[in-house]
Each structure stands twice: as C-alpha cells, then as structure tokens.
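Enquirer: Please see the structure below; I have some questions.
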Amino acid sequence: MEPRATANGRPSFTSKSLFRFRCHDALPCFTQCCRDVNIFLTPYDVLRLRRALNMSSSEVLNRYTMNYLAGAGQIPVVQLAMDPETLYCKLVTEEGCSVYGDRPWACRMYPLDLASRDGEYTLITGKERCLGLLENSSMTVDDWLAEQGVESYVLMEQAFHSVMPEEFQPGKTMAPGLGKILFLAYDLDRFADLLEDSKVRSFYEIDEDLLNRTREDQEFLLRLAFQYIRNQLEELFENMS
Ligand code: SF4
Ligand code: SF4
C-alpha cells in the first residue's frame, strides 16, 4: 500500500509503516547528506559530541557549531558548523561520520523527519538525492528508530522543553538574560563550574554525594542543569510581572 502524502507532497508514515532504505559506503551519495545542511543541535546532542570528542562543551561549541540568540525571544540556536570551503560538516571523514556512535538526533533520524507531533513521519529528502531509498531493504519506522537509538535523545529533549515556564510565549520579547540562562544547558561545563561555588550548592541543596554524581554522570548533570534553569527562569518571569 502506498503511504499517504503530507501537505508538502512527501510520503506520510506512522511508526508501523514500512519504508525502503539502506545506507552504505558503496553508494555514490555516501556522505553527501553531511554537506551543506542545517542541523540544529539540542543540549543532549552537545553532551554526546562533548563525550565523543573528549572536549569541554565550550570547545565543542566554538569549534563545531554556529550559535547565537535568535529573535525577540532570544532563544539559543546551536547548529553544526559546515567547513566554509568544502561545505562539509567538520565531523565527516571519507569513511563517514567520525562521531557516529554519538551523532546528533537529526543525523540519526535521516532520511526520516517528524511530520507532526502525533507520531507522523515523513522523508526529509528524495530518492534522487538519497540513493539508499532505492535499496531493496525495508523496515518499519519503529524498528528504524530503535536501531538508530533515538529514544534517549527524545526523552532528554522533552525534559529540556519542560524548563520553560507557562508564561513563555514563543516570538514574544522576553526578559534580557533568558537566552544566556538557557544556553547553560548547551555549555554544560559552565554549569559544572557554577556547582563548584559552595553558595550555589547550598542554595540548591546540592550535597557532596550529589556533587560527586554530577562529576561522574553527565546525563545527571544535564538533568540538574534543567532544574537549575527552570528555577532561574521562574525567578526571571516573576521579576517581569
Ligand atoms: S544520502 Fe542517504 S544513502 Fe546516501 S549516504 Fe546519506 S543517508 Fe546514506
Ligand atoms: S555529525 Fe556526523 S552524521 Fe551528522 S552531519 Fe556531521 S558527519 Fe554527518
């Protein structure tokens, strides 16, 4: 059965839909999807890159991303930087992605994309560009997502979205400082530095055990950063009203 089409004419899949796809290095398009693309990163993507590259979050952000505060809301935008001359992602090699095990969510999803928040998926590209879509191998969307390991990325992104207070309205001019507070989730080492201050620890009731855990467990550190950001944003919004 042919899949339905989304509003932009691309096929529409549910999690149970079968789609044809297999990517491998013998295809002429190999690594072309890592060139001249807009890949927006989440805080968890940066955490995984930081781990893969064994660098501080600030180094990852400076060397491999473009980042800025966007629009009236001053929301942080963090994008993978492309090499200015070749336009390839700075993390790609002739053998493929150099951080494959820790590649960002968007790279894991490719060639799929979310079509809506209701479990609808689509293709982000066509068979003319992504020749893997012509291969004789098919799987359900669910199986593909499980194989790509997207679940931990989705759960962490849901946790990040919940840091926004109810008063937040996308596109509306926000209090100065909002973007910088949110950016701490991306620059996790700066948040870790904050925790070295005993006054901050005492205010947030972070004892020695918790502090040690933040040093050993980066996912735990990120979740704690979300809580800290949520508290800071609540204060900011209270002062605005
Ligand atoms: S374009 Fe598609 S098939 Fe080609 S390398 Fe990228 S994901 Fe694989
Ligand atoms: S992070 Fe890896 S998969 Fe993603 S665009 Fe860069 S090289 Fe390609």
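Each chain in the structure tokens gets a letter, A, B, ..., in the order shown, and its residues are numbered from 1; ligands are numbered from 1 in order too.
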Can I get the residues close to ligand 1 as a ChimeraX atom specification, where close means within 7 Å and we count only C-alpha atoms and all ligand atoms?

Expert: /A:22-25,27,29-33,110-111,129-133

Enquirer: Just the selected residues (N, CA, C and O atoms), exported as a compact mmCIF listing (two decimals), in the first residue's frame, please.

Expert:
# COMPACT_ATOMS: atom_id res chain seq x y z
N ARG A 22 18.54 1.67 2.84
CA ARG A 22 19.78 1.11 3.38
C ARG A 22 20.92 2.02 2.95
O ARG A 22 21.06 2.34 1.77
N CYS A 23 21.68 2.45 3.93
CA CYS A 23 22.80 3.36 3.64
C CYS A 23 24.10 2.57 3.74
O CYS A 23 24.29 1.80 4.67
N HIS A 24 24.97 2.73 2.76
CA HIS A 24 26.29 2.09 2.86
C HIS A 24 27.31 2.85 2.02
O HIS A 24 26.95 3.67 1.16
N ASP A 25 28.58 2.56 2.27
CA ASP A 25 29.63 3.41 1.69
C ASP A 25 29.89 3.14 0.21
O ASP A 25 30.72 3.83 -0.40
N LEU A 27 27.55 3.55 -2.01
CA LEU A 27 26.61 4.40 -2.76
C LEU A 27 27.29 5.70 -3.19
O LEU A 27 28.06 6.28 -2.40
N CYS A 29 26.21 8.54 -3.28
CA CYS A 29 25.81 9.69 -2.45
C CYS A 29 26.46 9.64 -1.06
O CYS A 29 26.18 10.51 -0.23
N PHE A 30 27.33 8.66 -0.82
CA PHE A 30 27.87 8.48 0.53
C PHE A 30 28.50 9.78 1.05
O PHE A 30 29.34 10.37 0.38
N THR A 31 28.05 10.21 2.20
CA THR A 31 28.43 11.45 2.94
C THR A 31 27.88 12.75 2.32
O THR A 31 28.11 13.82 2.88
N GLN A 32 27.18 12.64 1.18
CA GLN A 32 26.64 13.88 0.59
C GLN A 32 25.59 14.52 1.50
O GLN A 32 25.36 15.72 1.45
N CYS A 33 24.96 13.68 2.34
CA CYS A 33 23.95 14.22 3.26
C CYS A 33 24.61 14.96 4.43
O CYS A 33 23.92 15.57 5.25
N TYR A 110 17.78 10.89 9.89
CA TYR A 110 17.90 10.96 8.44
C TYR A 110 17.81 9.56 7.80
O TYR A 110 18.48 8.64 8.27
N PRO A 111 16.99 9.33 6.79
CA PRO A 111 16.26 10.30 5.95
C PRO A 111 14.84 10.58 6.45
O PRO A 111 14.05 11.15 5.71
N ARG A 129 18.33 12.18 -4.31
CA ARG A 129 19.49 12.63 -3.54
C ARG A 129 20.00 11.55 -2.60
O ARG A 129 21.19 11.42 -2.36
N CYS A 130 19.09 10.79 -2.02
CA CYS A 130 19.46 9.76 -1.04
C CYS A 130 19.19 8.40 -1.69
O CYS A 130 18.07 7.89 -1.67
N LEU A 131 20.25 7.85 -2.31
CA LEU A 131 20.07 6.63 -3.10
C LEU A 131 19.75 5.42 -2.24
O LEU A 131 19.29 4.39 -2.74
N GLY A 132 19.98 5.54 -0.95
CA GLY A 132 19.63 4.44 -0.03
C GLY A 132 18.14 4.16 -0.03
O GLY A 132 17.71 3.05 0.32
N LEU A 133 17.35 5.13 -0.46
CA LEU A 133 15.89 4.94 -0.52
C LEU A 133 15.48 4.04 -1.68
O LEU A 133 14.31 3.66 -1.79

Enquirer: Counting only C-alpha atoms and all ligand atoms, what residues are within 9 Å of ligand 2, given as a VMD selection string?

Expert: chain A and resid 31 to 39 49 80 to 82 88 to 93 96 to 100 102 to 108 110

Enquirer: Which residue out of A:Val150, A:Leu233, A:Val141, A:Leu211 has the minimum interatomic distance to Tyr44 in chain A when only C-alpha atoms are used?

Expert: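 Closest to Tyr44 in chain A of all the choices is A:Val150.
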
Enquirer: Counting only C-alpha atoms, which residue out of A:Glu196, A:Asp217, A:Thr125, A:Met156 sits closest to Asp113 in chain A?

Expert: A:Thr125

Enquirer: DSSP on the backbone: what in range 116-179 of chain A comes out strand (DSSP E or B), as a ChimeraX atom specification?

Expert: /A:121-123,138-140

Enquirer: Got time to write the residues from that selection, all heavy atoms, as a short mmCIF file (atom, residue, chain, number, x, y, z; two decimals), in the first residue's frame?

Expert:
data_model
loop_
_atom_site.label_atom_id
_atom_site.label_comp_id
_atom_site.auth_asym_id
_atom_site.auth_seq_id
_atom_site.Cartn_x
_atom_site.Cartn_y
_atom_site.Cartn_z
N TYR A 121 5.47 10.64 10.50
CA TYR A 121 6.84 10.84 9.99
C TYR A 121 6.78 11.06 8.49
O TYR A 121 5.81 10.69 7.83
CB TYR A 121 7.71 9.61 10.30
CG TYR A 121 7.83 9.34 11.77
CD1 TYR A 121 6.86 8.58 12.43
CD2 TYR A 121 8.88 9.87 12.51
CE1 TYR A 121 6.95 8.35 13.80
CE2 TYR A 121 8.98 9.64 13.88
CZ TYR A 121 8.01 8.88 14.52
OH TYR A 121 8.10 8.66 15.86
N THR A 122 7.85 11.63 7.97
CA THR A 122 7.94 11.78 6.53
C THR A 122 9.41 11.62 6.12
O THR A 122 10.27 11.33 6.95
CB THR A 122 7.38 13.16 6.09
OG1 THR A 122 7.32 13.19 4.66
CG2 THR A 122 8.22 14.31 6.59
N LEU A 123 9.66 11.77 4.82
CA LEU A 123 11.05 11.74 4.34
C LEU A 123 11.55 13.17 4.22
O LEU A 123 10.82 14.03 3.71
CB LEU A 123 11.14 11.05 2.98
CG LEU A 123 10.86 9.55 2.96
CD1 LEU A 123 10.88 9.02 1.53
CD2 LEU A 123 11.89 8.80 3.81
N SER A 138 13.86 -3.10 3.58
CA SER A 138 12.83 -2.28 4.20
C SER A 138 12.65 -2.65 5.66
O SER A 138 13.00 -3.75 6.10
CB SER A 138 11.51 -2.39 3.44
OG SER A 138 11.16 -3.73 3.31
N MET A 139 12.10 -1.70 6.40
CA MET A 139 11.87 -1.90 7.84
C MET A 139 10.75 -0.96 8.26
O MET A 139 10.42 -0.01 7.53
CB MET A 139 13.13 -1.60 8.64
CG MET A 139 13.48 -0.14 8.71
SD MET A 139 15.22 0.14 8.53
CE MET A 139 15.31 0.29 6.75
N THR A 140 10.20 -1.21 9.45
CA THR A 140 9.17 -0.27 9.94
C THR A 140 9.89 0.94 10.51
O THR A 140 11.06 0.87 10.91
CB THR A 140 8.29 -0.89 11.04
OG1 THR A 140 9.11 -1.13 12.18
CG2 THR A 140 7.60 -2.15 10.59
#

Enquirer: Quick one: distance from CA of Leu178 in chain A to CA of Gln74 in chain A in Å, one decimal?

Expert: 6.9 Å

Enquirer: Go through range 5-222 of chain A and collect every residue that DSSP, computed from the backbone, puts in helix (DSSP H, G or I); the answer should be as a PyMOL selection string.

Expert: chain A and resi 32-34+43-53+57-64+100-102+105-109+131-134+141-148+151-161+178-183+188-195+198-203+208-216+218-222
